[in-house]
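Enquirer: Data file my_file.txt (compact mmCIF, C-alpha atoms and all ligand atoms) is appended below.
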# COMPACT_ATOMS: atom_id res chain seq x y z
CA MET A 185 20.56 16.51 -33.29
CA LYS A 186 17.17 14.89 -33.13
CA LEU A 187 14.49 16.85 -34.90
CA LEU A 188 10.71 16.48 -34.93
CA LEU A 189 8.84 17.59 -38.05
CA VAL A 190 5.05 17.81 -37.95
CA GLU A 191 3.78 18.66 -41.43
CA ASP A 192 0.77 17.23 -43.27
CA GLU A 193 1.72 18.19 -46.82
CA MET A 194 3.49 15.01 -47.80
CA ARG A 195 5.57 16.36 -50.68
CA MET A 196 6.80 19.23 -48.58
CA ALA A 197 7.52 16.89 -45.67
CA GLN A 198 9.45 14.42 -47.81
CA ALA A 199 11.58 17.18 -49.32
CA LEU A 200 12.28 18.63 -45.87
CA CYS A 201 13.21 15.23 -44.43
CA GLU A 202 15.66 14.67 -47.24
CA ILE A 203 17.32 18.07 -46.87
CA LEU A 204 17.51 17.82 -43.08
CA ARG A 205 19.01 14.33 -43.16
CA GLN A 206 21.66 15.55 -45.58
CA GLU A 207 22.52 18.11 -42.92
CA HIS A 208 22.94 15.25 -40.42
CA TYR A 209 19.79 15.92 -38.46
CA GLN A 210 17.95 12.80 -37.33
CA VAL A 211 14.38 13.49 -38.40
CA ASP A 212 11.12 11.94 -37.21
CA HIS A 213 8.13 13.03 -39.26
CA PHE A 214 4.42 12.98 -38.41
CA GLY A 215 1.61 14.22 -40.62
CA ASP A 216 -1.01 14.34 -37.88
CA GLY A 217 -1.18 16.89 -35.05
CA CYS A 218 -2.21 14.40 -32.35
CA GLU A 219 0.58 11.98 -33.20
CA GLY A 220 2.97 14.92 -33.46
CA LEU A 221 2.00 16.09 -29.98
CA LEU A 222 2.57 12.63 -28.48
CA ALA A 223 6.02 12.50 -30.05
CA ALA A 224 6.81 16.07 -28.96
CA GLU A 225 5.89 15.27 -25.35
CA SER A 226 8.45 12.46 -25.23
CA GLY A 227 11.10 15.13 -24.61
CA VAL A 228 13.72 13.37 -26.74
CA TYR A 229 13.94 16.07 -29.43
CA ASP A 230 16.48 18.87 -29.72
CA LEU A 231 14.43 20.90 -32.20
CA MET A 232 10.85 20.92 -33.47
CA ILE A 233 9.40 22.19 -36.73
CA LEU A 234 5.62 22.53 -36.55
CA ASP A 235 3.26 23.39 -39.36
CA VAL A 236 0.28 25.48 -38.23
CA MET A 237 -2.62 23.91 -40.13
CA LEU A 238 -2.66 20.21 -39.29
CA PRO A 239 -5.30 17.51 -38.93
CA GLY A 240 -5.99 16.58 -35.30
CA LYS A 241 -4.28 19.40 -33.48
CA ASN A 242 -2.80 22.56 -34.97
CA GLY A 243 0.79 23.68 -34.49
CA PHE A 244 -0.13 26.36 -31.94
CA GLU A 245 -1.94 23.84 -29.76
CA ILE A 246 1.01 21.45 -29.93
CA ALA A 247 3.45 24.20 -28.94
CA ARG A 248 1.25 25.35 -26.07
CA GLU A 249 0.79 21.85 -24.65
CA VAL A 250 4.49 21.05 -25.00
CA ARG A 251 5.38 24.21 -23.05
CA GLN A 252 2.77 23.43 -20.40
CA LYS A 253 4.58 20.14 -19.85
CA GLY A 254 7.75 22.11 -19.14
CA ILE A 255 9.54 21.04 -22.33
CA GLY A 256 11.75 23.89 -23.53
CA THR A 257 12.86 22.42 -26.88
CA PRO A 258 13.21 25.21 -29.48
CA ILE A 259 10.19 25.35 -31.82
CA LEU A 260 10.17 26.73 -35.34
CA MET A 261 6.66 27.33 -36.67
CA LEU A 262 5.83 27.12 -40.37
CA THR A 263 3.05 29.50 -41.38
CA ALA A 264 1.26 30.19 -44.65
CA LYS A 265 1.60 33.68 -46.07
CA SER A 266 -2.14 34.29 -45.90
CA GLU A 267 -2.22 33.63 -42.16
CA VAL A 268 -0.80 36.98 -41.12
CA ASP A 269 -1.88 36.79 -37.48
CA ASP A 270 -0.19 33.41 -37.19
CA LYS A 271 3.06 35.09 -36.37
CA VAL A 272 1.69 36.81 -33.28
CA GLU A 273 -0.20 33.78 -32.03
CA GLY A 274 2.78 31.56 -32.78
CA LEU A 275 5.09 33.62 -30.62
CA ASP A 276 2.40 33.77 -27.91
CA CYS A 277 2.03 30.02 -27.74
CA GLY A 278 5.67 29.37 -26.92
CA ALA A 279 7.18 29.02 -30.40
CA ASP A 280 10.69 30.48 -30.66
CA ASP A 281 10.67 31.46 -34.31
CA TYR A 282 8.48 31.30 -37.38
CA LEU A 283 9.05 30.92 -41.08
CA THR A 284 6.56 31.91 -43.77
CA LYS A 285 5.85 29.47 -46.60
CA PRO A 286 7.21 29.30 -49.22
CA PHE A 287 10.74 29.62 -47.87
CA MET A 288 14.27 29.02 -49.09
CA THR A 289 16.07 25.94 -47.79
CA LYS A 290 19.02 28.14 -46.85
CA GLU A 291 16.75 30.29 -44.70
CA LEU A 292 15.28 27.26 -42.91
CA LEU A 293 18.72 25.82 -42.16
CA ALA A 294 19.97 29.17 -40.88
CA ARG A 295 16.99 29.45 -38.52
CA LEU A 296 17.54 25.91 -37.26
CA ARG A 297 21.22 26.60 -36.62
CA ALA A 298 20.29 29.74 -34.68
CA LEU A 299 17.76 27.79 -32.60
CA SER A 300 20.11 24.90 -31.92
CA ARG A 301 22.68 27.32 -30.50
CA ARG A 302 20.25 27.86 -27.65
CA THR A 303 20.54 24.21 -26.71
CA GLY A 304 24.29 24.46 -26.22
CA SER A 305 25.72 24.17 -29.73
CA ARG A 306 28.25 26.70 -30.86
CA ALA A 307 27.93 29.12 -33.75
CA ASP A 308 30.19 27.05 -35.98
CA GLY A 309 28.01 23.99 -35.48
CA SER A 310 30.34 22.33 -32.99
CA LEU A 311 29.78 21.08 -29.46
CA LYS A 312 32.59 20.98 -26.90
CA PHE A 313 33.30 18.93 -23.80
CA GLY A 314 36.64 18.55 -21.99
CA ASP A 315 39.30 18.11 -24.65
CA ILE A 316 36.95 17.10 -27.47
CA SER A 317 34.78 18.89 -29.95
CA LEU A 318 32.06 17.51 -32.16
CA ASN A 319 31.32 19.09 -35.52
CA ARG A 320 27.90 18.38 -36.97
CA ASP A 321 28.57 19.78 -40.45
CA ARG A 322 31.52 17.45 -40.96
CA ALA A 323 30.32 14.69 -38.59
CA THR A 324 33.74 14.63 -36.93
CA LEU A 325 35.17 14.18 -33.45
CA THR A 326 38.27 16.30 -32.80
CA CYS A 327 40.83 16.31 -30.00
CA GLY A 328 43.77 18.68 -30.48
CA GLU A 329 45.32 17.86 -33.85
CA ASN A 330 43.49 14.54 -34.20
CA SER A 331 40.22 14.11 -35.94
CA VAL A 332 37.99 11.17 -36.88
CA ARG A 333 34.73 10.81 -38.71
CA LEU A 334 31.80 9.41 -36.74
CA GLY A 335 28.96 7.26 -37.99
CA GLU A 336 25.47 8.68 -37.59
CA LYS A 337 24.65 6.70 -34.44
CA GLU A 338 28.08 7.23 -32.90
CA PHE A 339 27.64 10.94 -33.47
CA GLY A 340 24.15 10.85 -31.95
CA ILE A 341 25.34 9.07 -28.81
CA LEU A 342 28.24 11.41 -28.19
CA GLU A 343 26.14 14.48 -28.92
CA TYR A 344 23.45 13.32 -26.49
CA LEU A 345 26.07 12.72 -23.78
CA ILE A 346 27.63 16.16 -24.33
CA VAL A 347 24.32 18.03 -24.35
CA ASN A 348 23.40 16.26 -21.09
CA GLN A 349 26.82 16.53 -19.49
CA GLY A 350 26.82 16.15 -15.70
CA GLN A 351 23.86 13.78 -15.89
CA ILE A 352 23.79 10.02 -15.92
CA LEU A 353 21.89 8.73 -18.94
CA THR A 354 20.30 5.32 -18.79
CA ARG A 355 20.71 2.72 -21.49
CA GLU A 356 17.02 3.06 -22.23
CA GLN A 357 17.29 6.83 -22.72
CA LEU A 358 20.17 6.31 -25.13
CA ALA A 359 18.25 3.63 -27.03
CA VAL A 360 15.14 5.82 -27.37
CA LYS A 361 17.21 8.82 -28.36
CA ILE A 362 19.19 7.04 -31.05
CA TRP A 363 16.79 4.39 -32.33
CA GLY A 364 13.41 5.90 -31.40
CA TYR A 365 10.46 4.38 -29.58
CA ASP A 366 9.31 2.13 -32.37
CA SER A 367 12.54 0.28 -32.85
CA ASP A 368 13.03 -3.15 -31.35
CA THR A 369 16.69 -2.48 -30.76
CA GLU A 370 18.22 -4.78 -28.20
CA TYR A 371 19.78 -2.75 -25.45
CA ASN A 372 22.98 -4.61 -26.25
CA ASN A 373 23.27 -2.48 -29.38
CA VAL A 374 23.71 0.57 -27.18
CA GLU A 375 26.74 -1.13 -25.63
CA VAL A 376 28.10 -1.99 -29.06
CA TYR A 377 27.86 1.60 -30.25
CA LEU A 378 29.27 2.90 -26.97
CA SER A 379 32.30 0.69 -27.53
CA PHE A 380 32.70 2.14 -31.05
CA VAL A 381 32.57 5.66 -29.62
CA ARG A 382 35.10 4.75 -26.90
CA LYS A 383 37.46 3.41 -29.58
CA LYS A 384 37.20 6.66 -31.49
CA LEU A 385 37.85 8.68 -28.33
CA ARG A 386 41.03 6.65 -27.83
CA PHE A 387 41.90 7.04 -31.52
CA VAL A 388 41.98 10.85 -31.23
CA ARG A 389 43.90 10.42 -27.94
CA SER A 390 41.23 12.09 -25.88
CA GLU A 391 41.11 11.85 -22.09
CA THR A 392 37.34 12.13 -22.18
CA GLU A 393 35.69 8.92 -21.10
CA ILE A 394 32.23 7.43 -21.18
CA LYS A 395 31.95 6.04 -17.67
CA ALA A 396 29.50 3.28 -16.92
CA VAL A 397 27.78 3.98 -13.62
CA ARG A 398 26.92 0.54 -12.36
CA GLY A 399 23.26 -0.23 -12.50
CA ILE A 400 22.29 3.29 -13.55
CA GLY A 401 23.73 4.29 -16.90
CA TYR A 402 26.47 6.29 -18.54
CA GLU A 403 28.14 9.62 -18.03
CA LEU A 404 30.75 11.65 -19.84
CA ARG A 405 33.83 12.49 -17.76
CA TYR A 406 37.01 14.39 -18.38
CA GLY A 407 40.15 14.43 -16.23
CA HIS A 408 39.78 13.42 -12.61
CA VAL A 409 36.38 14.90 -11.97
CA CA A 501 -0.62 22.09 -43.26
Once you've parsed the file, please lay out its structure as structure tokens.
Ligand code: CA
Expert:
Amino acid sequence: MKLLLVEDEMRMAQALCEILRQEHYQVDHFGDGCEGLLAAESGVYDLMILDVMLPGKNGFEIAREVRQKGIGTPILMLTAKSEVDDKVEGLDCGADDYLTKPFMTKELLARLRALSRRTGSRADGSLKFGDISLNRDRATLTCGENSVRLGEKEFGILEYLIVNQGQILTREQLAVKIWGYDSDTEYNNVEVYLSFVRKKLRFVRSETEIKAVRGIGYELRYGHV
């Protein structure tokens, strides 16, 4: 799961990044509202956490502009206790949920899990396709009785393919999703990681395949479809 965090209080942001990464979220953090908006508009995120008071653009403005662009990514808004009307405006602007500062980590993680269910994840934190299931909490790929642990990037690739099942994803989309815009990853690395994921699919004796569609990209297939 790729998560965008826009929060200008650095200590808070650092603590959140650490906690979220421990939970196997891939986190990109921005402390400025304008930069946060640019990142949000890329459409590569599965979840967004937006602080309300930010330099540049506030969280409400970001949410509103993201929704105007037709991006439906779940948004969790962080509001200060004193800003009582924030809640109403936050829900108006297209945010899906809000959390009042200060909050418990447990509460934040529970809200994120609830929001991520809307993007196709299951209640137990697993994603399913064909004969396989992917568990985020344990970072495992399971097929029947067989299970194997996935590396962070392997997990990200397979998760992205499952969430976008039925679509062909280009190598560039996969590279941006897994390594981000700023990386200078050679596209070849995508192929390398795809081959790791294919090996693990064979290891658990799955019949799910990552099919290369010549000249276009990759697609997840199961059986003879
Ligand atoms: Ca703030």
Enquirer: Compare A:His208, A:Arg389, A:Lys253, A:Lys285 by their minimum atom-to-atom distance to ligand CA 501 (chain A), counting all atoms listed in the file, and give me the closest one.
Expert: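 Of all the options, A:Lys285 lies closest to ligand CA 501 (chain A).
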Enquirer: Go through A:Thr284, A:Asn242, A:Gln351, A:Thr392 one by one, measure the shortest atom-to-atom distance of each to A:Ile316 using all atoms listed in the file, and give the residue with the smallest value.
Expert: A:Thr392
Enquirer: How would you write, as a list in words, the set of residues no farther than 9 Å from ligand CA 501 (chain A) when counting all atoms listed in the file?
Expert: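 If we count all atoms listed in the file, the neighbours of ligand CA 501 (chain A) turn out to be Val190, Glu191, Asp192, Glu193, Gly215, Asp235, Val236, Met237, Leu238, Pro239, Asn242, Leu262, Thr263 and Ala264 of chain A.
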Enquirer: Give me, please, the distance in Å between atom CA of A:Asp321 and atom CA of A:Val376, quoted to one decimal.
Expert: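 Calculated distance between atom CA of A:Asp321 and atom CA of A:Val376 is 24.6 Å.
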Enquirer: At a cut-off of 7 Å, using all atoms listed in the file, what residues contact A:Met261? Leave out same-chain residues fewer than 2 positions from it and give the result as a ChimeraX atom specification.
Expert: /A:233-236,259,263,274,279,281-283
Enquirer: Produce the centre coordinates and the three edge lengths, each in Å to one decimal, of the box along x, y and z that contains all listed atoms of stretch 255-260 of chain A with 8 Å added on each side, as lines of an AutoDock Vina configuration file.
Expert:
center_x = 11.4
center_y = 23.9
center_z = -28.8
size_x = 19.7
size_y = 21.7
size_z = 29.0
Enquirer: Taking (35.9, 8.5, -32.8) as a centre in this file's frame and 6 Å as the limit, can you find every polymer residue with an atom that close, using only C-alpha atoms, and give them as a list in words?
Expert: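 Within 6 Å of (35.9, 8.5, -32.8), the protein and nucleic acid residues are Leu325, Val332, Leu334, Val381, Lys384 and Leu385 of chain A.
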Enquirer: I'd like the interatomic distance between atom CA of A:Ile352 and atom CA of A:Ser226, to a tenth of an Å.
Expert: 18.1 Å
